[in-house]
Each structure stands twice: as C-alpha cells, then as structure tokens.
$ cat structure_17.txt   # compact mmCIF, C-alpha atoms and all ligand atoms
# COMPACT_ATOMS: atom_id res chain seq x y z
CA MET A 75 30.45 -26.13 -14.14
CA GLN A 76 27.23 -27.04 -15.91
CA THR A 77 26.64 -25.41 -19.30
CA LEU A 78 23.93 -22.75 -19.04
CA ILE A 79 21.12 -22.24 -21.55
CA PHE A 80 20.54 -18.70 -22.86
CA ALA A 81 17.40 -18.11 -24.92
CA HIS A 82 18.39 -16.36 -28.17
CA ARG A 83 16.06 -13.36 -28.77
CA GLY A 84 13.94 -15.12 -26.12
CA ALA A 85 12.49 -18.55 -26.86
CA SER A 86 12.43 -17.38 -30.47
CA GLY A 87 11.93 -20.87 -31.91
CA LYS A 88 8.44 -20.85 -30.35
CA ALA A 89 7.37 -17.17 -30.24
CA PRO A 90 8.21 -14.05 -32.28
CA GLU A 91 11.81 -13.01 -31.67
CA ASN A 92 12.61 -10.22 -29.20
CA THR A 93 9.04 -9.91 -27.88
CA MET A 94 7.87 -10.08 -24.26
CA ALA A 95 6.05 -13.29 -25.21
CA ALA A 96 9.36 -14.88 -26.25
CA PHE A 97 11.06 -13.66 -23.06
CA LYS A 98 8.24 -14.91 -20.80
CA LEU A 99 8.34 -18.25 -22.58
CA ALA A 100 12.10 -18.46 -21.92
CA VAL A 101 11.40 -17.91 -18.20
CA ASP A 102 8.65 -20.59 -18.26
CA HIS A 103 10.95 -23.01 -20.14
CA GLY A 104 13.58 -22.79 -17.41
CA ALA A 105 16.25 -20.96 -19.42
CA ASP A 106 19.18 -19.76 -17.33
CA GLY A 107 19.44 -16.55 -19.28
CA ILE A 108 18.06 -14.43 -22.09
CA GLU A 109 19.92 -12.94 -25.03
CA LEU A 110 18.38 -9.92 -26.74
CA ASP A 111 19.28 -7.11 -29.15
CA VAL A 112 19.17 -3.41 -28.36
CA GLN A 113 18.84 -0.35 -30.59
CA MET A 114 17.82 3.25 -29.80
CA SER A 115 14.78 5.31 -30.86
CA ASN A 116 15.21 8.85 -32.22
CA ASP A 117 14.11 10.21 -28.82
CA GLY A 118 16.71 8.20 -26.91
CA HIS A 119 14.82 5.10 -25.64
CA LEU A 120 16.48 1.68 -25.60
CA VAL A 121 14.30 -0.77 -27.49
CA VAL A 122 14.64 -4.50 -28.10
CA ILE A 123 14.85 -5.29 -31.81
CA HIS A 124 17.42 -7.10 -33.92
CA ASP A 125 17.47 -5.16 -37.19
CA GLU A 126 18.25 -1.49 -37.82
CA THR A 127 14.84 -1.23 -39.51
CA ILE A 128 11.44 -2.46 -38.30
CA ASP A 129 10.51 -3.93 -41.71
CA ARG A 130 11.35 -7.62 -41.20
CA THR A 131 9.89 -8.19 -37.73
CA THR A 132 6.91 -5.80 -37.57
CA ASP A 133 3.99 -4.61 -39.68
CA GLY A 134 5.61 -1.18 -39.94
CA THR A 135 8.44 0.27 -41.95
CA GLY A 136 11.41 2.57 -41.31
CA TRP A 137 14.69 2.92 -39.46
CA VAL A 138 14.61 2.48 -35.68
CA CYS A 139 16.95 5.49 -35.29
CA GLU A 140 14.48 7.71 -37.19
CA LEU A 141 11.33 6.68 -35.28
CA SER A 142 10.12 7.92 -31.88
CA LEU A 143 9.25 5.53 -29.08
CA GLU A 144 5.57 6.28 -29.69
CA GLN A 145 5.92 5.33 -33.37
CA LEU A 146 7.89 2.18 -32.54
CA ARG A 147 5.29 1.12 -29.96
CA SER A 148 2.43 1.59 -32.41
CA VAL A 149 3.54 -1.28 -34.68
CA ARG A 150 2.98 -4.99 -34.10
CA ALA A 151 5.97 -7.30 -33.58
CA GLY A 152 4.01 -10.57 -33.73
CA HIS A 153 1.70 -9.78 -36.62
CA ARG A 154 2.44 -13.04 -38.49
CA SER A 155 1.04 -15.11 -35.61
CA LYS A 156 -2.58 -15.33 -34.45
CA ILE A 157 -1.57 -15.97 -30.84
CA TYR A 158 1.09 -13.29 -30.65
CA LYS A 159 -0.36 -10.61 -32.91
CA ARG A 160 -0.64 -8.07 -30.07
CA GLU A 161 3.08 -8.17 -29.22
CA LYS A 162 4.93 -4.86 -29.40
CA ILE A 163 8.60 -3.92 -29.69
CA PRO A 164 9.67 -4.11 -26.01
CA LEU A 165 11.53 -1.47 -24.08
CA LEU A 166 14.72 -2.84 -22.52
CA SER A 167 13.35 -1.66 -19.15
CA GLU A 168 10.40 -4.08 -19.50
CA VAL A 169 12.75 -7.03 -19.82
CA LEU A 170 14.84 -5.86 -16.87
CA GLU A 171 11.63 -5.63 -14.86
CA LEU A 172 10.70 -9.19 -15.88
CA LEU A 173 14.09 -10.66 -14.95
CA GLN A 174 14.84 -8.65 -11.81
CA PRO A 175 12.81 -10.87 -9.42
CA THR A 176 14.25 -14.06 -10.97
CA LYS A 177 17.74 -15.53 -10.75
CA MET A 178 18.16 -15.42 -14.52
CA GLU A 179 21.04 -13.86 -16.38
CA LEU A 180 20.77 -11.33 -19.19
CA ASN A 181 22.93 -10.98 -22.30
CA ILE A 182 22.34 -7.58 -23.87
CA GLU A 183 23.72 -7.35 -27.38
CA LEU A 184 24.29 -3.77 -28.51
CA LYS A 185 23.40 -3.52 -32.20
CA ASN A 186 25.65 -0.54 -32.80
CA ASN A 187 27.93 -1.83 -35.51
CA LEU A 188 26.10 -0.03 -38.35
CA ILE A 189 24.49 2.93 -36.54
CA PRO A 190 26.74 4.76 -34.03
CA TYR A 191 23.97 5.57 -31.51
CA GLU A 192 25.16 8.60 -29.51
CA GLY A 193 25.20 7.94 -25.74
CA LEU A 194 23.97 4.35 -26.07
CA GLU A 195 26.52 2.85 -23.68
CA GLU A 196 25.85 5.44 -20.95
CA LYS A 197 22.06 4.99 -21.17
CA LEU A 198 22.50 1.23 -21.00
CA ILE A 199 24.63 1.32 -17.88
CA ASN A 200 22.18 3.65 -16.12
CA LEU A 201 19.32 1.28 -16.89
CA ILE A 202 21.18 -1.85 -15.74
CA SER A 203 22.13 -0.06 -12.49
CA LYS A 204 18.57 1.16 -11.94
CA TYR A 205 17.41 -2.47 -11.82
CA GLY A 206 20.46 -3.66 -9.85
CA MET A 207 21.29 -6.18 -12.59
CA GLU A 208 25.05 -5.45 -12.81
CA LYS A 209 26.12 -8.89 -11.56
CA ARG A 210 23.68 -10.83 -13.76
CA THR A 211 24.28 -9.02 -17.03
CA VAL A 212 26.82 -9.52 -19.80
CA ILE A 213 26.98 -6.88 -22.54
CA SER A 214 28.12 -8.08 -25.96
CA SER A 215 28.65 -6.47 -29.36
CA PHE A 216 30.19 -7.02 -32.76
CA ASN A 217 31.38 -3.41 -32.32
CA HIS A 218 34.52 -3.99 -30.30
CA ASN A 219 35.20 -0.24 -29.96
CA SER A 220 31.96 -0.04 -28.01
CA ILE A 221 33.11 -2.91 -25.76
CA ALA A 222 36.41 -1.07 -25.20
CA LYS A 223 34.47 2.08 -24.24
CA LEU A 224 32.30 0.08 -21.83
CA SER A 225 35.39 -1.47 -20.24
CA ILE A 226 36.43 2.06 -19.22
CA ILE A 227 33.06 3.47 -18.17
CA CYS A 228 31.70 0.33 -16.45
CA PRO A 229 34.47 -2.08 -15.43
CA GLU A 230 32.06 -3.78 -13.00
CA ILE A 231 29.76 -5.24 -15.70
CA GLU A 232 30.91 -8.27 -17.74
CA LYS A 233 31.59 -7.63 -21.42
CA ALA A 234 31.88 -10.09 -24.30
CA ILE A 235 33.19 -9.73 -27.81
CA LEU A 236 30.92 -11.18 -30.48
CA TYR A 237 32.45 -12.59 -33.65
CA GLU A 238 31.59 -14.82 -36.55
CA MET A 239 34.93 -15.56 -38.25
CA GLY A 240 37.83 -16.90 -36.21
CA ILE A 241 40.06 -14.60 -34.14
CA PHE A 242 43.69 -15.51 -33.44
CA GLU A 243 44.21 -16.16 -29.69
CA PRO A 244 40.79 -14.73 -28.78
CA TRP A 245 41.67 -14.66 -25.05
CA GLU A 246 44.50 -12.15 -25.75
CA TYR A 247 42.33 -10.11 -28.09
CA ALA A 248 39.41 -10.03 -25.60
CA LYS A 249 41.75 -8.88 -22.82
CA LYS A 250 43.11 -6.07 -25.02
CA VAL A 251 39.57 -4.88 -25.76
CA GLY A 252 38.62 -5.12 -22.07
CA ALA A 253 36.20 -8.08 -22.36
CA GLN A 254 35.95 -10.98 -19.94
CA SER A 255 34.31 -13.40 -22.32
CA ILE A 256 33.89 -14.38 -25.95
CA HIS A 257 30.65 -15.11 -27.84
CA PRO A 258 31.85 -16.83 -31.04
CA HIS A 259 29.76 -18.44 -33.76
CA PHE A 260 29.63 -22.10 -32.67
CA HIS A 261 31.65 -23.10 -35.76
CA ASN A 262 34.54 -21.15 -34.29
CA SER A 263 34.50 -22.76 -30.86
CA SER A 264 36.89 -25.56 -29.96
CA ARG A 265 37.93 -27.52 -26.89
CA SER A 266 41.39 -25.90 -26.92
CA ILE A 267 39.93 -22.37 -27.04
CA VAL A 268 37.49 -23.16 -24.22
CA ASP A 269 40.24 -24.71 -22.08
CA ARG A 270 42.54 -21.74 -22.58
CA MET A 271 39.73 -19.26 -21.90
CA HIS A 272 38.93 -21.05 -18.64
CA LYS A 273 42.61 -21.05 -17.66
CA GLU A 274 42.52 -17.28 -18.11
CA GLY A 275 39.35 -17.06 -15.95
CA MET A 276 37.23 -16.10 -18.97
CA SER A 277 33.96 -17.48 -20.38
CA VAL A 278 32.77 -18.85 -23.75
CA ARG A 279 29.14 -18.69 -24.93
CA PRO A 280 28.72 -19.82 -28.55
CA TRP A 281 25.68 -19.00 -30.73
CA THR A 282 23.29 -20.01 -32.23
CA VAL A 283 23.20 -23.64 -31.11
CA ASN A 284 19.89 -25.05 -32.35
CA THR A 285 20.30 -28.74 -33.16
CA ASP A 286 20.83 -31.65 -30.76
CA THR A 287 24.16 -32.48 -32.44
CA GLU A 288 25.45 -28.92 -32.18
CA PHE A 289 24.43 -28.82 -28.53
CA MET A 290 26.17 -32.13 -27.73
CA GLU A 291 29.36 -30.80 -29.38
CA MET A 292 29.23 -27.70 -27.21
CA LEU A 293 28.64 -29.77 -24.06
CA GLU A 294 31.71 -31.89 -24.94
CA MET A 295 33.74 -28.67 -25.20
CA ASP A 296 32.50 -27.63 -21.74
CA VAL A 297 31.36 -24.17 -22.88
CA ASP A 298 29.93 -21.90 -20.18
CA ALA A 299 26.62 -21.34 -21.95
CA VAL A 300 24.96 -21.88 -25.30
CA ILE A 301 22.75 -19.27 -26.94
CA THR A 302 19.80 -21.09 -28.53
CA ASN A 303 16.35 -20.50 -30.01
CA TYR A 304 15.12 -23.67 -28.22
CA PRO A 305 15.83 -23.43 -24.46
CA LEU A 306 13.26 -26.07 -23.48
CA LYS A 307 14.70 -28.70 -25.86
CA MET A 308 18.26 -27.99 -24.63
CA LYS A 309 17.17 -28.20 -20.97
CA ARG A 310 15.67 -31.65 -21.64
CA ILE A 311 18.84 -32.87 -23.37
CA LEU A 312 20.90 -31.57 -20.46
CA GLU A 313 18.76 -33.48 -17.94
CA ASN A 314 19.79 -36.76 -19.60
CA TYR A 315 23.43 -35.83 -20.25
O1 LIG B 1 24.52 -12.81 -29.47
C1 LIG B 1 24.64 -13.88 -30.32
C2 LIG B 1 23.89 -13.72 -31.61
O2 LIG B 1 22.63 -13.21 -31.31
C3 LIG B 1 24.58 -12.81 -32.60
O3 LIG B 1 23.97 -12.77 -33.83
O4 LIG B 1 22.50 -11.82 -35.58
O5 LIG B 1 21.53 -13.33 -33.88
O6 LIG B 1 22.24 -11.04 -33.25
P1 LIG B 1 22.50 -12.21 -34.15
CA CA B 2 21.78 -11.09 -30.95

$ encode --input "structure_17.txt" --output "structure tokens" --more "lines below"
Ligand code: G3P
Ligand code: CA
Amino acid sequence: MQTLIFAHRGASGKAPENTMAAFKLAVDHGADGIELDVQMSNDGHLVVIHDETIDRTTDGTGWVCELSLEQLRSVRAGHRSKIYKREKIPLLSEVLELLQPTKMELNIELKNNLIPYEGLEEKLINLISKYGMEKRTVISSFNHNSIAKLSIICPEIEKAILYEMGIFEPWEYAKKVGAQSIHPHFHNSSRSIVDRMHKEGMSVRPWTVNTDTEFMEMLEMDVDAVITNYPLKMKRILENY
C-alpha cells in the first residue's frame, strides 16, 4: 500500500495553521487527508484550534472553553499574514463540508487532554454522522480515556492513540484502549513496529514528518500515512520514489 500524505493542521507550512485557507491549500496540493485539532466553545460548538487559548494563533486572548462561538469567530486567525489576515477560527462543520464531496480522509485530533470538555465525544460523532464521513475519518487523542470512551460509543469509526514517548508493544496497548491505529511521534516509529501493526491489521501514521530525510525514513518503514506540514513537497518526493 502506498503511504498517504496527511496535511498537519492543513498545509500549515504555507498558510496559517488550522484555517480554512490551510485546509483548501491541502486539497489543492493533492493531500490524501487532513489532520486538525478540535476544542469546544463555552456554548458547545466544535471549533478547530490547536491550543487551549486563542493567544498564540489569533489576535485575541482567552481560553477557548470560556469564549462563545460568536467571540471566537470575531478574532482573526491569520493576522500575521497579509494574504490570510481575514481567516477565522473554523467550525469543524466547515471542514466536513469542504471534504465531504472529495475522496479525502480526515484525522480529527481531540484536544481534550487538559480540558475535560463535557459531551465532546458525543457531539463529534453526531457531526461526523451528519456529513456521512464515518468511513473516511480517524479520531485521535493524547487522552486515551477519551479514545476508550469512543470505542464504546462509536465502534464504527476508526480511533488512534497519539503518543510522543515510546509505548511498550503499542499494538497490544492500542487494542486494550479500543484503537485500531497508532499515531506516534516519528522518532518512535520503527520497521518492526510497523510490520507488527500491519500483521495485526492496524495502521501507523507518524507525525510531524517535515524534512525529505524524515519522509524517506518513513517510506522505508512502509508507514500507512505521514502527517506533515508540507503535503505538496511530500507528494512530489513520492512521485519519484
Ligand atoms: O496528530 C499529530 C500531531 O498533530 C500531534 O501533535 O501538537 O501537533 O497536535 P500536535
Ligand atoms: Ca494535532
């Protein structure tokens, strides 16, 4: 199977991370999938933003969980760029709408390891079902309790455990949690792990693979997908591989 290219926070090497501009660019660059981060507003809307606060990526300030959708939508998420200065924090539904007519896959990372957003998993499943994206979505999280919950309430959607440091026999651990795949930091991927995962019918998608050398190493390991800020560059390398 050919290694797929997932655009990390969209084509975030070329446009502001987690904005519709970065997601549209990923589509235009021929990415096979998009990875994005989800948090929840204080009035229960699923929004696409990496941090728990809006301070780093927007011209506003405050905690996502303490701001309403209206407040979150009033700030600019591309304010450091002339071209992208009008970008807003997207709703997850906007990205689902963008990808629904395509054949692209979607990796939704739940950013619920610091803030235990009440009802987040249920809202997410409803939204994925509304757009009929169950078979093209993988839900990942560093919060493995949330993955375990999802494995009970939505067995039909693929789940992945995210981790940075190594995990002993990750295929066994993932199965116990109820995940079908692992998303390790690329430093913690190896040919033997990938082979064993494949033997178990499970997938490996390392992150964040940004240099040519890192990408070549991942191709040699035969990983299922790489999560990268530079989907266009990786597509070009793949064409000549
Ligand atoms: O999903 C892979 C990767 O995005 C996890 O780390 O911090 O970029 O969300 P982070
Ligand atoms: Ca992420």

$ residues_near_ligand --input "structure_17.txt" --ligand "ligand CA 2 (chain B)" --cutoff "9 Å" --atoms "all atoms listed in the file" --output "list of chain:residue names"
A:His82, A:Arg83, A:Glu109, A:Leu110, A:Asp111, A:Val112, A:His124, A:Asn181, A:Ile182, A:Glu183, A:Leu184, A:Lys185, A:Ser214, A:Ser215, A:Trp281

$ write_last_selection --input "structure_17.txt" --atoms "C-alpha atoms" --output "PDB file, in the coordinates of the input"
ATOM      1  CA  HIS A  82      18.390 -16.360 -28.170  1.00  0.00           C
ATOM      2  CA  ARG A  83      16.060 -13.360 -28.770  1.00  0.00           C
ATOM      3  CA  GLU A 109      19.920 -12.940 -25.030  1.00  0.00           C
ATOM      4  CA  LEU A 110      18.380  -9.920 -26.740  1.00  0.00           C
ATOM      5  CA  ASP A 111      19.280  -7.110 -29.150  1.00  0.00           C
ATOM      6  CA  VAL A 112      19.170  -3.410 -28.360  1.00  0.00           C
ATOM      7  CA  HIS A 124      17.420  -7.100 -33.920  1.00  0.00           C
ATOM      8  CA  ASN A 181      22.930 -10.980 -22.300  1.00  0.00           C
ATOM      9  CA  ILE A 182      22.340  -7.580 -23.870  1.00  0.00           C
ATOM     10  CA  GLU A 183      23.720  -7.350 -27.380  1.00  0.00           C
ATOM     11  CA  LEU A 184      24.290  -3.770 -28.510  1.00  0.00           C
ATOM     12  CA  LYS A 185      23.400  -3.520 -32.200  1.00  0.00           C
ATOM     13  CA  SER A 214      28.120  -8.080 -25.960  1.00  0.00           C
ATOM     14  CA  SER A 215      28.650  -6.470 -29.360  1.00  0.00           C
ATOM     15  CA  TRP A 281      25.680 -19.000 -30.730  1.00  0.00           C
TER      16      TRP A 281
END

$ closest_atom_pairs --input "structure_17.txt" --of "range 84-170 of chain A" --to "range 298-309 of chain A" --cutoff "9 Å" --atoms "only C-alpha atoms" --output "CSV"
residue,atom,partner,partner_atom,distance
A:Gly84,CA,A:Asn303,CA,7.1
A:Ala85,CA,A:Asn303,CA,5.4
A:Ser86,CA,A:Asn303,CA,5.0
A:Gly87,CA,A:Asn303,CA,4.8
A:Lys88,CA,A:Tyr304,CA,7.6
A:Glu91,CA,A:Asn303,CA,8.9
A:Ala100,CA,A:Pro305,CA,6.7
A:Asp102,CA,A:Leu306,CA,8.9
A:His103,CA,A:Leu306,CA,5.1
A:Gly104,CA,A:Leu306,CA,6.9
A:Ala105,CA,A:Pro305,CA,5.6
A:Asp106,CA,A:Pro305,CA,8.7
A:Gly107,CA,A:Ile301,CA,8.8
A:Ile108,CA,A:Ile301,CA,8.3
A:Glu109,CA,A:Ile301,CA,7.2

$ closest_residue --input "structure_17.txt" --among "A:Tyr237, A:Phe289, A:Tyr247, A:Tyr315" --to "ligand LIG 1 (chain B)" --atoms "only C-alpha atoms and all ligand atoms"
A:Tyr237

$ axis_aligned_box --input "structure_17.txt" --around "range 237-250 of chain A" --padding-each-side "8 Å" --output "lines of an AutoDock Vina configuration file"
center_x = 38.0
center_y = -11.5
center_z = -30.5
size_x = 28.9
size_y = 26.8
size_z = 31.4

$ atom_distance --input "structure_17.txt" --atom1 "CA of Arg130 in chain A" --atom2 "CA of Gly152 in chain A"
10.9 Å

$ atom_distance --input "structure_17.txt" --atom1 "CA of Ser255 in chain A" --atom2 "atom P1 of ligand LIG 1 (chain B)"
16.8 Å

$ closest_residue --input "structure_17.txt" --among "A:Ser225, A:Ala253, A:Glu126, A:Glu195" --to "ligand LIG 1 (chain B)" --atoms "all atoms listed in the file"
A:Glu126

$ closest_residue --input "structure_17.txt" --among "A:Leu143, A:Glu179, A:Ala95, A:Asn116" --to "Glu161 in chain A" --atoms "only C-alpha atoms"
A:Ala95

$ residues_around --input "structure_17.txt" --residues "Ile267 in chain A" --least-positions-apart "6" --cutoff "9 Å" --atoms "only C-alpha atoms" --output "compact mmCIF listing (two decimals) with C-alpha atoms, in the frame of the given file"
# COMPACT_ATOMS: atom_id res chain seq x y z
CA GLU A 243 44.21 -16.16 -29.69
CA PRO A 244 40.79 -14.73 -28.78
CA TRP A 245 41.67 -14.66 -25.05
CA VAL A 278 32.77 -18.85 -23.75

$ closest_residue --input "structure_17.txt" --among "A:Leu141, A:Ile226, A:Ile256, A:Val101" --to "ligand LIG 1 (chain B)" --atoms "all atoms listed in the file"
A:Ile256

$ atom_distance --input "structure_17.txt" --atom1 "CA of Lys162 in chain A" --atom2 "CA of Ala96 in chain A"
11.4 Å

$ closest_residue --input "structure_17.txt" --among "A:Gly206, A:Gly240, A:Pro90, A:Pro190" --to "Gln174 in chain A" --atoms "all atoms listed in the file"
A:Gly206

$ build_atoms --input "structure_17.txt" --residues "range 256-289 of chain A" --atoms "N, CA and C atoms" --output "mmCIF file, in the frame of the given file"
data_model
loop_
_atom_site.group_PDB
_atom_site.id
_atom_site.type_symbol
_atom_site.label_atom_id
_atom_site.label_comp_id
_atom_site.auth_asym_id
_atom_site.auth_seq_id
_atom_site.Cartn_x
_atom_site.Cartn_y
_atom_site.Cartn_z
ATOM 1 N N ILE A 256 34.063 -14.410 -24.498
ATOM 2 C CA ILE A 256 33.890 -14.380 -25.950
ATOM 3 C C ILE A 256 32.556 -15.058 -26.303
ATOM 4 N N HIS A 257 31.883 -14.518 -27.303
ATOM 5 C CA HIS A 257 30.650 -15.110 -27.840
ATOM 6 C C HIS A 257 30.886 -15.385 -29.328
ATOM 7 N N PRO A 258 31.554 -16.518 -29.640
ATOM 8 C CA PRO A 258 31.850 -16.830 -31.040
ATOM 9 C C PRO A 258 30.688 -17.559 -31.712
ATOM 10 N N HIS A 259 30.651 -17.517 -33.055
ATOM 11 C CA HIS A 259 29.760 -18.440 -33.760
ATOM 12 C C HIS A 259 30.196 -19.854 -33.349
ATOM 13 N N PHE A 260 29.255 -20.772 -33.201
ATOM 14 C CA PHE A 260 29.630 -22.100 -32.670
ATOM 15 C C PHE A 260 30.635 -22.828 -33.558
ATOM 16 N N HIS A 261 30.663 -22.478 -34.873
ATOM 17 C CA HIS A 261 31.650 -23.100 -35.760
ATOM 18 C C HIS A 261 33.074 -22.725 -35.373
ATOM 19 N N ASN A 262 33.209 -21.613 -34.688
ATOM 20 C CA ASN A 262 34.540 -21.150 -34.290
ATOM 21 C C ASN A 262 34.831 -21.368 -32.818
ATOM 22 N N SER A 263 34.184 -22.368 -32.241
ATOM 23 C CA SER A 263 34.500 -22.760 -30.860
ATOM 24 C C SER A 263 35.254 -24.085 -30.923
ATOM 25 N N SER A 264 36.161 -24.280 -30.004
ATOM 26 C CA SER A 264 36.890 -25.560 -29.960
ATOM 27 C C SER A 264 37.265 -25.838 -28.511
ATOM 28 N N ARG A 265 37.552 -27.113 -28.248
ATOM 29 C CA ARG A 265 37.930 -27.520 -26.890
ATOM 30 C C ARG A 265 39.175 -26.736 -26.429
ATOM 31 N N SER A 266 40.149 -26.568 -27.341
ATOM 32 C CA SER A 266 41.390 -25.900 -26.920
ATOM 33 C C SER A 266 41.135 -24.422 -26.586
ATOM 34 N N ILE A 267 40.253 -23.778 -27.353
ATOM 35 C CA ILE A 267 39.930 -22.370 -27.040
ATOM 36 C C ILE A 267 39.219 -22.288 -25.688
ATOM 37 N N VAL A 268 38.245 -23.193 -25.478
ATOM 38 C CA VAL A 268 37.490 -23.160 -24.220
ATOM 39 C C VAL A 268 38.434 -23.413 -23.033
ATOM 40 N N ASP A 269 39.307 -24.402 -23.168
ATOM 41 C CA ASP A 269 40.240 -24.710 -22.080
ATOM 42 C C ASP A 269 41.124 -23.512 -21.755
ATOM 43 N N ARG A 270 41.648 -22.882 -22.803
ATOM 44 C CA ARG A 270 42.540 -21.740 -22.580
ATOM 45 C C ARG A 270 41.780 -20.559 -21.963
ATOM 46 N N MET A 271 40.563 -20.340 -22.453
ATOM 47 C CA MET A 271 39.730 -19.260 -21.900
ATOM 48 C C MET A 271 39.494 -19.494 -20.405
ATOM 49 N N HIS A 272 39.193 -20.737 -20.055
ATOM 50 C CA HIS A 272 38.930 -21.050 -18.640
ATOM 51 C C HIS A 272 40.188 -20.858 -17.797
ATOM 52 N N LYS A 273 41.318 -21.240 -18.361
ATOM 53 C CA LYS A 273 42.610 -21.050 -17.660
ATOM 54 C C LYS A 273 42.856 -19.569 -17.365
ATOM 55 N N GLU A 274 42.351 -18.735 -18.276
ATOM 56 C CA GLU A 274 42.520 -17.280 -18.110
ATOM 57 C C GLU A 274 41.398 -16.683 -17.243
ATOM 58 N N GLY A 275 40.471 -17.545 -16.774
ATOM 59 C CA GLY A 275 39.350 -17.060 -15.950
ATOM 60 C C GLY A 275 38.282 -16.378 -16.783
ATOM 61 N N MET A 276 38.190 -16.755 -18.061
ATOM 62 C CA MET A 276 37.230 -16.100 -18.970
ATOM 63 C C MET A 276 36.182 -17.112 -19.447
ATOM 64 N N SER A 277 35.083 -16.606 -20.008
ATOM 65 C CA SER A 277 33.960 -17.480 -20.380
ATOM 66 C C SER A 277 33.733 -17.529 -21.899
ATOM 67 N N VAL A 278 33.087 -18.639 -22.323
ATOM 68 C CA VAL A 278 32.770 -18.850 -23.750
ATOM 69 C C VAL A 278 31.287 -19.202 -23.875
ATOM 70 N N ARG A 279 30.573 -18.418 -24.698
ATOM 71 C CA ARG A 279 29.140 -18.690 -24.930
ATOM 72 C C ARG A 279 28.854 -18.658 -26.424
ATOM 73 N N PRO A 280 28.943 -19.804 -27.092
ATOM 74 C CA PRO A 280 28.720 -19.820 -28.550
ATOM 75 C C PRO A 280 27.242 -19.647 -28.921
ATOM 76 N N TRP A 281 27.019 -19.200 -30.164
ATOM 77 C CA TRP A 281 25.680 -19.000 -30.730
ATOM 78 C C TRP A 281 25.682 -19.570 -32.138
ATOM 79 N N THR A 282 24.608 -19.757 -32.783
ATOM 80 C CA THR A 282 23.290 -20.010 -32.230
ATOM 81 C C THR A 282 23.131 -21.515 -32.348
ATOM 82 N N VAL A 283 23.084 -22.179 -31.211
ATOM 83 C CA VAL A 283 23.200 -23.640 -31.110
ATOM 84 C C VAL A 283 21.774 -24.212 -31.082
ATOM 85 N N ASN A 284 21.312 -24.682 -32.249
ATOM 86 C CA ASN A 284 19.890 -25.050 -32.350
ATOM 87 C C ASN A 284 19.601 -26.534 -32.517
ATOM 88 N N THR A 285 20.599 -27.314 -32.978
ATOM 89 C CA THR A 285 20.300 -28.740 -33.160
ATOM 90 C C THR A 285 20.875 -29.541 -31.993
ATOM 91 N N ASP A 286 20.348 -30.762 -31.836
ATOM 92 C CA ASP A 286 20.830 -31.650 -30.760
ATOM 93 C C ASP A 286 22.325 -31.907 -30.917
ATOM 94 N N THR A 287 22.748 -32.170 -32.183
ATOM 95 C CA THR A 287 24.160 -32.480 -32.440
ATOM 96 C C THR A 287 25.060 -31.303 -32.085
ATOM 97 N N GLU A 288 24.652 -30.116 -32.505
ATOM 98 C CA GLU A 288 25.450 -28.920 -32.180
ATOM 99 C C GLU A 288 25.560 -28.759 -30.665
ATOM 100 N N PHE A 289 24.438 -28.984 -29.990
ATOM 101 C CA PHE A 289 24.430 -28.820 -28.530
ATOM 102 C C PHE A 289 25.355 -29.835 -27.857
#
